[in-house]
>>> print(open('start_38.cif').read())   # mmCIF, C-alpha atoms
data_run
loop_
_atom_site.label_atom_id
_atom_site.label_comp_id
_atom_site.auth_asym_id
_atom_site.auth_seq_id
_atom_site.Cartn_x
_atom_site.Cartn_y
_atom_site.Cartn_z
CA MET K 246 28.77 24.08 -29.50
CA ASP K 247 31.72 25.45 -27.55
CA ARG K 248 32.71 23.47 -24.49
CA LEU K 249 32.74 24.85 -20.97
CA PRO K 250 35.86 24.66 -18.82
CA ASN K 251 35.93 21.45 -16.81
CA LEU K 252 33.64 21.87 -13.79
CA ASP K 253 34.07 18.33 -12.50
CA PRO K 254 36.60 19.31 -9.79
CA LEU K 255 33.98 21.68 -8.36
CA ARG K 256 31.56 18.76 -8.07
CA PHE K 257 34.13 16.77 -6.08
CA ILE K 258 34.79 19.72 -3.74
CA LEU K 259 31.06 20.13 -3.13
CA ALA K 260 30.58 16.42 -2.45
CA SER K 261 33.49 16.58 0.00
CA LEU K 262 31.90 19.52 1.83
CA VAL K 263 28.70 17.50 2.20
CA MET K 264 30.75 14.61 3.60
CA ILE K 265 32.61 16.65 6.22
CA PHE K 266 29.25 18.13 7.22
CA HIS K 267 27.69 14.72 7.86
CA ILE K 268 30.62 12.95 9.54
CA PRO K 269 30.49 14.95 12.83
CA HIS K 270 26.72 14.48 13.06
CA LEU K 271 26.90 10.70 12.90
CA SER K 272 29.92 10.60 15.22
CA ARG K 273 28.10 12.71 17.80
CA ASN K 274 24.94 10.59 17.55
CA GLN K 275 27.00 7.46 18.25
CA GLY K 276 28.97 8.95 21.13
CA LEU K 277 32.26 9.23 19.24
CA PRO K 278 34.47 12.34 19.39
CA TYR K 279 33.81 14.87 16.65
CA PHE K 280 34.78 18.34 15.50
CA SER K 281 32.38 20.76 13.82
CA ASP K 282 33.26 24.16 15.30
CA ALA K 283 34.57 25.78 12.10
CA PRO K 284 31.92 27.19 9.71
CA ILE K 285 33.15 25.03 6.83
CA PHE K 286 31.99 21.92 8.74
CA ASN K 287 28.45 23.34 8.76
CA ARG K 288 28.01 24.21 5.09
CA GLY K 289 26.86 20.86 3.73
CA THR K 290 23.38 22.05 2.82
CA GLU K 291 24.84 25.12 1.14
CA ALA K 292 27.19 22.89 -0.86
CA VAL K 293 24.09 21.11 -2.16
CA TYR K 294 22.65 24.51 -3.10
CA VAL K 295 25.75 25.13 -5.23
CA PHE K 296 25.04 21.78 -6.90
CA PHE K 297 21.53 23.06 -7.65
CA VAL K 298 22.78 26.31 -9.17
CA LEU K 299 25.33 24.38 -11.24
CA SER K 300 22.69 21.88 -12.38
CA GLY K 301 20.28 24.63 -13.39
CA PHE K 302 23.10 26.44 -15.17
CA LEU K 303 24.14 23.40 -17.22
CA ILE K 304 20.72 21.90 -17.92
CA ILE K 305 18.98 25.12 -18.94
CA ARG K 306 22.00 26.18 -21.00
CA LEU K 307 21.80 22.88 -22.88
CA ILE K 308 18.05 23.12 -23.45
CA TYR K 309 18.36 26.77 -24.52
CA ARG K 310 20.99 25.89 -27.12
CA TYR K 311 18.87 23.09 -28.52
CA LYS K 312 15.91 25.47 -28.65
CA GLN K 313 17.92 27.94 -30.71
CA ARG K 314 18.36 25.20 -33.32
CA ASP K 315 14.79 23.93 -32.96
CA ALA K 316 16.28 20.59 -31.94
CA PHE K 317 15.09 20.12 -28.36
CA SER K 318 13.51 16.72 -27.71
CA ILE K 319 11.76 16.16 -24.38
CA LYS K 320 11.93 12.41 -24.91
CA LYS K 321 15.70 12.37 -25.43
CA PHE K 322 16.21 14.82 -22.57
CA TYR K 323 14.36 12.57 -20.12
CA ILE K 324 16.07 9.41 -21.34
CA ARG K 325 19.50 11.01 -20.82
CA ARG K 326 18.53 12.17 -17.32
CA MET K 327 17.10 8.75 -16.47
CA LEU K 328 20.25 6.97 -17.59
CA ARG K 329 22.36 9.28 -15.43
CA ILE K 330 20.19 9.47 -12.31
CA PHE K 331 17.96 6.41 -12.05
CA PRO K 332 20.38 3.44 -11.82
CA LEU K 333 22.38 4.69 -8.83
CA TYR K 334 19.40 6.41 -7.22
CA TYR K 335 17.31 3.25 -7.11
CA LEU K 336 20.31 1.15 -6.08
CA ILE K 337 20.72 3.35 -3.00
CA VAL K 338 16.96 3.36 -2.35
CA ILE K 339 16.88 -0.44 -2.35
CA PHE K 340 19.97 -0.73 -0.19
CA GLY K 341 18.67 1.92 2.22
CA PHE K 342 15.45 0.08 2.94
CA LEU K 343 17.30 -3.24 3.25
CA PHE K 344 19.82 -1.63 5.61
CA TYR K 345 17.32 -0.15 8.04
CA TRP K 346 14.67 -2.88 7.87
CA LEU K 347 16.81 -6.03 7.59
CA ILE K 348 20.56 -5.53 8.02
CA LEU K 349 20.53 -3.50 11.25
CA PRO K 350 18.03 -5.82 12.97
CA ALA K 351 20.15 -8.81 11.90
CA LEU K 352 23.15 -7.13 13.55
CA ASN K 353 21.11 -6.47 16.71
CA MET K 354 21.54 -2.73 16.24
CA PRO K 355 18.29 -0.98 17.17
CA PHE K 356 16.82 1.53 14.71
CA GLU K 357 13.25 2.73 14.88
CA ASN K 358 11.42 2.72 11.54
CA ASN K 359 8.47 4.94 12.40
CA TYR K 360 6.80 4.77 9.01
CA ASN K 361 4.90 2.36 6.82
CA LEU K 362 7.33 0.62 4.46
CA GLY K 363 4.92 0.88 1.54
CA GLU K 364 4.58 4.64 2.01
CA GLY K 365 8.34 5.03 2.17
CA ILE K 366 8.80 3.06 -1.04
CA VAL K 367 6.15 5.13 -2.83
CA LEU K 368 7.62 8.48 -1.74
CA THR K 369 11.17 7.54 -2.75
CA THR K 370 10.14 5.81 -5.97
CA PHE K 371 8.20 8.83 -7.19
CA PHE K 372 10.86 11.39 -6.30
CA LEU K 373 9.60 12.79 -3.03
CA PRO K 374 12.50 11.71 -0.78
CA ASN K 375 12.68 15.28 0.55
CA VAL K 376 9.14 14.90 1.92
CA PHE K 377 9.85 11.36 3.15
CA GLY K 378 13.04 12.41 4.92
CA LYS K 379 11.45 15.37 6.66
CA LEU K 380 8.35 13.48 7.78
CA TYR K 381 10.03 10.40 9.19
CA GLU K 382 13.83 10.84 9.43
CA PRO K 383 14.27 7.33 7.98
CA GLY K 384 18.07 7.25 8.36
CA GLY K 385 20.94 9.03 6.66
CA ILE K 386 21.26 6.67 3.69
CA LEU K 387 17.71 7.51 2.64
CA GLU K 388 17.60 11.08 3.94
CA VAL K 389 20.54 12.16 1.76
CA LEU K 390 18.38 11.42 -1.30
CA TRP K 391 16.38 14.61 -0.69
CA SER K 392 18.51 16.60 -3.10
CA ILE K 393 18.12 14.04 -5.89
CA GLY K 394 14.37 14.36 -5.45
CA ILE K 395 14.57 18.14 -5.86
CA GLU K 396 16.64 17.74 -9.04
CA GLU K 397 14.18 15.25 -10.51
CA GLN K 398 11.21 17.48 -9.65
CA PHE K 399 13.04 20.32 -11.38
CA TYR K 400 13.62 18.21 -14.52
CA LEU K 401 9.94 17.29 -14.63
CA MET K 402 9.03 20.98 -14.60
CA ILE K 403 11.71 22.61 -16.71
CA ALA K 404 11.67 20.44 -19.83
CA PRO K 405 7.94 20.88 -20.71
CA LEU K 406 8.08 24.54 -19.67
CA LEU K 407 10.96 25.42 -21.98
CA PHE K 408 9.65 23.18 -24.75
CA PHE K 409 6.42 25.18 -25.11
CA ILE K 410 7.90 28.65 -24.53
CA ARG K 411 9.07 30.54 -27.59
CA LYS K 412 12.85 30.71 -27.62
CA THR K 413 12.80 34.52 -27.69
CA ARG K 414 10.91 34.61 -24.39
CA ILE K 415 12.78 32.01 -22.38
CA LEU K 416 14.89 34.53 -20.46
CA LEU K 417 11.87 36.69 -19.59
CA VAL K 418 9.73 33.76 -18.46
CA LEU K 419 12.54 32.16 -16.47
CA SER K 420 13.44 35.46 -14.78
CA VAL K 421 9.84 36.12 -13.78
CA LEU K 422 9.48 32.53 -12.58
CA THR K 423 12.63 32.79 -10.45
CA ILE K 424 11.56 36.05 -8.82
CA ALA K 425 7.96 34.95 -8.29
CA TYR K 426 8.91 31.59 -6.82
CA PHE K 427 11.53 33.20 -4.56
CA ILE K 428 8.83 35.49 -3.14
CA VAL K 429 6.28 32.69 -2.75
CA PHE K 430 8.85 30.43 -1.09
CA HIS K 431 9.42 32.97 1.68
CA LEU K 432 5.77 33.74 2.43
CA ASP K 433 4.56 32.32 5.74
CA VAL K 434 1.48 30.85 4.09
CA PHE K 435 3.75 28.58 2.02
CA GLN K 436 5.92 27.45 4.92
CA PHE K 437 5.73 23.85 3.65
CA LEU K 438 7.99 24.83 0.72
CA TYR K 439 10.76 25.60 3.20
CA THR K 440 9.93 22.65 5.44
CA TYR K 441 10.37 20.18 2.60
CA ARG K 442 13.19 22.17 0.98
CA PHE K 443 11.58 22.86 -2.40
CA VAL K 444 14.36 25.34 -3.18
CA TYR K 445 13.80 25.47 -6.93
CA PHE K 446 14.88 29.12 -7.11
CA PHE K 447 18.52 28.00 -6.91
CA LEU K 448 18.08 25.87 -10.04
CA PHE K 449 16.06 28.53 -11.87
CA SER K 450 18.59 31.25 -11.06
CA GLY K 451 21.43 29.11 -12.41
CA GLY K 452 19.49 28.91 -15.66
CA VAL K 453 18.95 32.67 -15.77
CA ILE K 454 22.69 33.24 -15.47
CA ALA K 455 23.34 30.68 -18.21
CA ILE K 456 20.98 32.39 -20.64
CA LEU K 457 22.34 35.85 -19.80
CA GLU K 458 25.77 34.50 -20.70
CA GLU K 459 24.44 32.96 -23.92
CA GLN K 460 23.02 36.35 -24.87
CA LYS K 461 26.37 38.06 -24.14
CA GLN K 462 24.90 40.21 -21.39
CA LEU K 463 27.54 39.35 -18.78
CA GLU K 464 30.66 40.47 -20.62
CA PHE K 465 31.27 43.14 -17.97
CA LEU K 466 32.14 40.35 -15.53
CA LYS K 467 35.11 39.34 -17.71
CA ARG K 468 36.78 42.71 -18.31
CA SER K 469 39.08 42.69 -15.31
CA ILE K 470 40.70 39.85 -13.41
CA LEU K 471 39.70 41.63 -10.20
CA ILE K 472 36.04 40.70 -10.74
CA PRO K 473 36.50 36.90 -10.73
CA ILE K 474 39.02 37.23 -7.88
CA VAL K 475 36.48 39.13 -5.77
CA ILE K 476 33.78 36.56 -6.58
CA VAL K 477 36.03 33.65 -5.62
CA ILE K 478 37.01 35.41 -2.38
CA ALA K 479 33.33 35.99 -1.59
CA MET K 480 32.70 32.29 -2.14
CA LEU K 481 35.56 31.32 0.16
CA LEU K 482 34.29 33.70 2.83
CA TYR K 483 30.83 32.21 2.49
CA PHE K 484 32.08 28.75 3.37
CA THR K 485 34.71 29.69 5.95
CA THR K 486 32.99 32.51 7.86
CA ASN K 487 29.51 33.63 8.87
CA VAL K 488 29.61 37.02 7.15
CA PHE K 489 26.86 36.01 4.69
CA GLN K 490 24.54 34.55 7.31
CA PHE K 491 21.61 36.78 8.28
CA GLU K 492 18.82 36.43 10.80
CA ILE K 493 16.23 37.02 8.07
CA ARG K 494 15.90 33.87 5.97
CA TRP K 495 15.07 35.52 2.66
CA MET K 496 18.14 37.75 2.92
CA THR K 497 20.41 34.76 3.48
CA HIS K 498 18.84 32.91 0.57
CA PHE K 499 19.04 35.94 -1.71
CA VAL K 500 22.71 36.59 -0.99
CA THR K 501 23.42 32.87 -1.27
CA MET K 502 21.70 32.69 -4.64
CA VAL K 503 23.59 35.70 -6.01
CA VAL K 504 27.02 34.60 -4.75
CA PHE K 505 26.59 31.04 -5.99
CA CYS K 506 25.35 32.15 -9.42
CA LEU K 507 28.27 34.53 -9.86
CA PHE K 508 30.71 31.86 -8.71
CA VAL K 509 29.43 29.19 -11.11
CA HIS K 510 29.45 31.70 -13.96
CA THR K 511 32.98 32.78 -13.08
CA LEU K 512 34.31 29.22 -13.14
CA ALA K 513 32.51 28.48 -16.40
CA HIS K 514 33.22 31.74 -18.21
CA ASN K 515 36.28 33.82 -17.43
CA ASN K 516 39.10 35.02 -19.64
CA PHE K 517 41.86 34.37 -17.13
CA GLY K 518 42.20 30.58 -17.01
CA MET K 519 40.65 30.27 -13.54
CA THR K 520 39.93 26.56 -13.59
CA ILE K 521 41.35 23.36 -12.09
CA LYS K 522 43.26 21.17 -14.55
CA ASN K 523 44.26 17.91 -12.92
CA LYS K 524 43.49 14.35 -14.07
CA LEU K 525 42.92 13.03 -10.56
CA TRP K 526 40.57 15.87 -9.62
CA ASN K 527 38.75 15.44 -12.91
CA TYR K 528 38.23 11.74 -12.27
CA LEU K 529 37.04 12.40 -8.73
CA GLY K 530 34.65 14.92 -10.23
CA HIS K 531 33.32 12.32 -12.65
CA MET K 532 32.54 10.17 -9.59
CA SER K 533 30.97 13.00 -7.59
CA TYR K 534 27.44 11.60 -7.93
CA GLY K 535 28.63 8.29 -6.50
CA ILE K 536 30.64 10.06 -3.78
CA TYR K 537 27.51 11.90 -2.70
CA MET K 538 25.33 8.79 -2.81
CA PHE K 539 27.74 6.37 -1.10
CA HIS K 540 29.27 8.56 1.58
CA VAL K 541 26.60 7.85 4.21
CA ILE K 542 27.02 4.11 3.70
CA ALA K 543 30.79 4.50 4.12
CA MET K 544 30.25 6.63 7.22
CA ASN K 545 28.10 3.97 8.84
CA ILE K 546 30.71 1.28 8.19
CA VAL K 547 33.56 3.43 9.52
CA VAL K 548 31.65 4.58 12.60
CA PHE K 549 30.63 0.98 13.38
CA PHE K 550 34.29 -0.04 13.10
CA MET K 551 35.50 2.88 15.23
CA LEU K 552 32.96 2.09 17.95
CA LYS K 553 34.61 -1.32 18.27
CA VAL K 554 38.08 0.25 18.30
CA GLN K 555 37.06 2.97 20.76
CA ALA K 556 35.96 0.34 23.26
CA HIS K 557 39.63 -0.61 23.66
CA GLU K 558 40.70 3.05 24.18
CA ILE K 559 43.54 2.73 21.66
CA PHE K 560 43.40 6.27 20.23
CA ASN K 561 42.84 9.71 21.73
CA ASP K 562 40.03 11.94 20.49
CA THR K 563 42.12 13.80 17.89
CA ILE K 564 43.42 10.62 16.27
CA THR K 565 39.93 9.11 16.34
CA ILE K 566 38.45 12.14 14.56
CA LEU K 567 41.19 12.06 11.92
CA LEU K 568 40.78 8.33 11.37
CA ILE K 569 37.01 8.62 10.98
CA ASN K 570 37.39 11.33 8.35
CA ILE K 571 40.25 9.68 6.43
CA LEU K 572 38.66 6.23 6.42
CA THR K 573 35.28 7.64 5.39
CA PHE K 574 36.81 9.54 2.47
CA ALA K 575 38.86 6.52 1.39
CA LEU K 576 35.97 4.07 1.58
CA THR K 577 33.57 6.48 -0.13
CA ILE K 578 35.95 7.01 -3.03
CA LEU K 579 36.46 3.24 -3.32
CA PHE K 580 32.70 2.63 -3.46
CA ALA K 581 32.23 5.49 -5.95
CA HIS K 582 35.06 4.19 -8.15
CA LEU K 583 33.64 0.67 -8.25
CA SER K 584 30.15 1.99 -8.93
CA TYR K 585 31.32 4.37 -11.68
CA THR K 586 33.57 1.80 -13.36
CA TYR K 587 31.40 -1.30 -13.20
CA PHE K 588 27.84 0.04 -12.92
CA GLU K 589 27.21 3.66 -13.89
CA THR K 590 29.44 3.68 -16.97
CA TYR K 591 27.27 1.06 -18.66
CA PHE K 592 24.29 3.42 -18.54
CA LEU K 593 26.34 6.53 -19.30
CA LYS K 594 27.51 4.98 -22.58
CA LEU K 595 23.88 4.56 -23.60
CA LYS K 596 23.36 8.33 -23.27
CA THR K 597 25.29 8.94 -26.49
CA LYS K 598 22.45 7.32 -28.46
CA PHE K 599 20.07 10.08 -27.35
CA ARG K 600 22.06 13.24 -28.03
#
>>> encode(input="start_38.cif", output="C-alpha cells")
Amino acid sequence: MDRLPNLDPLRFILASLVMIFHIPHLSRNQGLPYFSDAPIFNRGTEAVYVFFVLSGFLIIRLIYRYKQRDAFSIKKFYIRRMLRIFPLYYLIVIFGFLFYWLILPALNMPFENNYNLGEGIVLTTFFLPNVFGKLYEPGGILEVLWSIGIEEQFYLMIAPLLFFIRKTRILLVLSVLTIAYFIVFHLDVFQFLYTYRFVYFFLFSGGVIAILEEQKQLEFLKRSILIPIVIVIAMLLYFTTNVFQFEIRWMTHFVTMVVFCLFVHTLAHNNFGMTIKNKLWNYLGHMSYGIYMFHVIAMNIVVFFMLKVQAHEIFNDTITILLINILTFALTILFAHLSYTYFETYFLKLKTKFR
C-alpha cells in the first residue's frame, strides 16, 4: 500500500485549537482575565469535527483497502483500535472521577457533582461520555471525552457495516448513509442527535472522500495548484472569520463538512508537496491524542496556580493571559510526552501483532 503524506502535524494543530478554545472558558469561570474575541478562539468544536473527518478518511480508507484484498478482519480492527484508544481513555476517566469526587474536596475547592457516580461510570465506560457530559456537565476533564465517545460509537458501527457489504457497493452504501443521516440529524423530531452531538456524518463523509480518491474519481482536484491553494485559503477563512457561519444549522454543517473533506483530501493527496515536514511537528502530532486528553488537566493546574499569583497582583491582565496560555501548552505537552513515551507506546507496539 502507498503511504499518505504525514498528517500528524495537522493533528497537533487541531489539538492546539481545542486548547485555545477551552483556556478562556476556564479562565472566565474562575474570574481570571481572558481573551476570546477573535473567531479562531471559538473554533474548538469545529477543530474536533476536522478530527472526525480525518478519522473517517483514514479508517474507512484502511478498511476499504483490506476489503479489496479480502483481508479485512473485524477482530484485528477492534484490537488495534482498543490498543490505541482504551489505555489513555480509561486513565483519564479514572483520574477525572477521582479529581472531582476526591481531590477537589480534599483541597477544599467546591464542585457540585449532580449525578450518581455509578451512572457516570457506566456512561463513560460504555462510550457514552457525550450523553454524560451533556446531561450533567461533570467537569471539563470528563466532558472533553465526548469526542472519544463519538469515535468509538463510529468504530462499533462502521466495521460490521463494511464487513458485510460487498466491496463493489461500499461507496454507494456509504454515500447514501451519509446523505440520509445528515438529513435525519437535522430533523426537529431527532433533536436529541444534535443535543448529544452524534455528528457521525462528519466521519462518514471523510470515508466517502477516501473511497472516491481510491477509485481515482478526484483527479480533477490535482490538476492545478490553484485548487489546493483555494481549499487551504477556505480552511483558513473558516477558522479566522465568520464567513462560513450561517443562521441555518444544516447549512453551516453542510458547508463545514464539504470544506473539511476537501481540506483533508488536499493535505493527503496533492501533487504539489503541500505538507508539513518537520521532526518536531511530527512528534507533537504523534502525541496529539495525549495533548487532547491531558490539556484540561494542565489547564486546571495552571489556573489554580495563577489564582494564587493573581491574589498578589503581580502581573497585569495581558501578561496573565499570556502566562496562562504558555504554561498550559508547556504542561500539556510535558504530560503528553510522558504519557506517550512511558505509557501509550507500550500498547502501540502491540498493534503490530494485529496488522
>>> atom_distance(input="start_38.cif", atom1="CA of Tyr400 (chain K)", atom2="CA of Leu595 (chain K)")
19.3 Å
>>> closest_residue(input="start_38.cif", among="K:Ser450, K:Thr369, K:Gln398, K:Asn359", to="Glu382 (chain K)", atoms="only C-alpha atoms")
K:Asn359
>>> resolve_selection(input="start_38.cif", expression="the PyMOL selection byres ((chain K and resi 272) around 12)", output="number ranges by chain")
K: 265-271, 273-281, 541, 544-552, 555, 562, 565-570, 573
>>> resolve_selection(input="start_38.cif", expression="the PyMOL selection byres ((chain K and resi 322-337) around 7)", output="PDB file with C-alpha atoms, keeping the file's coordinate frame")
ATOM      1  CA  SER K 318      13.510  16.720 -27.710  1.00  0.00           C
ATOM      2  CA  ILE K 319      11.760  16.160 -24.380  1.00  0.00           C
ATOM      3  CA  LYS K 320      11.930  12.410 -24.910  1.00  0.00           C
ATOM      4  CA  LYS K 321      15.700  12.370 -25.430  1.00  0.00           C
ATOM      5  CA  VAL K 338      16.960   3.360  -2.350  1.00  0.00           C
ATOM      6  CA  ILE K 339      16.880  -0.440  -2.350  1.00  0.00           C
ATOM      7  CA  PHE K 340      19.970  -0.730  -0.190  1.00  0.00           C
ATOM      8  CA  GLY K 341      18.670   1.920   2.220  1.00  0.00           C
ATOM      9  CA  PHE K 592      24.290   3.420 -18.540  1.00  0.00           C
ATOM     10  CA  LEU K 593      26.340   6.530 -19.300  1.00  0.00           C
ATOM     11  CA  LYS K 596      23.360   8.330 -23.270  1.00  0.00           C
ATOM     12  CA  PHE K 599      20.070  10.080 -27.350  1.00  0.00           C
TER      13      PHE K 599
END
>>> resolve_selection(input="start_38.cif", expression="the PyMOL selection byres ((chain K and resi 451) around 7)", output="list of chain:residue names")
K:Val298, K:Leu299, K:Gly301, K:Phe302, K:Phe447, K:Leu448, K:Phe449, K:Ser450, K:Gly452, K:Val453, K:Ile454, K:Ala455, K:Cys506
>>> residues_near_point(input="start_38.cif", point="(30.3, 11.8, -3.0)", cutoff="10 Å", atoms="only C-alpha atoms", output="PyMOL selection string")
chain K and resi 256-264+529-530+532-541+574+577-578+580-581
>>> write_last_selection(input="start_38.cif", atoms="C-alpha atoms", output="CSV table (one decimal), keeping the file's coordinate frame")
chain,number,residue,atom,x,y,z
K,256,ARG,CA,31.6,18.8,-8.1
K,257,PHE,CA,34.1,16.8,-6.1
K,258,ILE,CA,34.8,19.7,-3.7
K,259,LEU,CA,31.1,20.1,-3.1
K,260,ALA,CA,30.6,16.4,-2.4
K,261,SER,CA,33.5,16.6,0.0
K,262,LEU,CA,31.9,19.5,1.8
K,263,VAL,CA,28.7,17.5,2.2
K,264,MET,CA,30.8,14.6,3.6
K,529,LEU,CA,37.0,12.4,-8.7
K,530,GLY,CA,34.6,14.9,-10.2
K,532,MET,CA,32.5,10.2,-9.6
K,533,SER,CA,31.0,13.0,-7.6
K,534,TYR,CA,27.4,11.6,-7.9
K,535,GLY,CA,28.6,8.3,-6.5
K,536,ILE,CA,30.6,10.1,-3.8
K,537,TYR,CA,27.5,11.9,-2.7
K,538,MET,CA,25.3,8.8,-2.8
K,539,PHE,CA,27.7,6.4,-1.1
K,540,HIS,CA,29.3,8.6,1.6
K,541,VAL,CA,26.6,7.8,4.2
K,574,PHE,CA,36.8,9.5,2.5
K,577,THR,CA,33.6,6.5,-0.1
K,578,ILE,CA,36.0,7.0,-3.0
K,580,PHE,CA,32.7,2.6,-3.5
K,581,ALA,CA,32.2,5.5,-6.0
>>> atom_distance(input="start_38.cif", atom1="CA of Val504 (chain K)", atom2="CA of Met480 (chain K)")
6.7 Å
>>> atom_distance(input="start_38.cif", atom1="CA of Phe344 (chain K)", atom2="CA of Ser584 (chain K)")
18.2 Å
>>> closest_residue(input="start_38.cif", among="K:Leu368, K:Leu349, K:Val376, K:Val293", to="Tyr441 (chain K)", atoms="only C-alpha atoms")
K:Val376
>>> residues_near_point(input="start_38.cif", point="(27.7, 26.5, 11.3)", cutoff="10 Å", atoms="only C-alpha atoms", output="PyMOL selection string")
chain K and resi 266+281-289+484-487+490
>>> closest_residue(input="start_38.cif", among="K:Ile386, K:Leu507, K:Met502, K:Ala404", to="Phe427 (chain K)", atoms="all atoms listed in the file")
K:Met502
>>> closest_residue(input="start_38.cif", among="K:Leu380, K:Ala292, K:Val503, K:Ala425", to="Asn361 (chain K)", atoms="all atoms listed in the file")
K:Leu380
>>> closest_residue(input="start_38.cif", among="K:Thr423, K:Arg411, K:Leu303, K:Ala543", to="Ala575 (chain K)", atoms="all atoms listed in the file")
K:Ala543
>>> axis_aligned_box(input="start_38.cif", around="region 394-399 of chain K", padding_each_side="8 Å", output="AutoDock Vina command-line options")
--center_x 13.9 --center_y 17.3 --center_z -8.4 --size_x 21.4 --size_y 22.0 --size_z 21.9
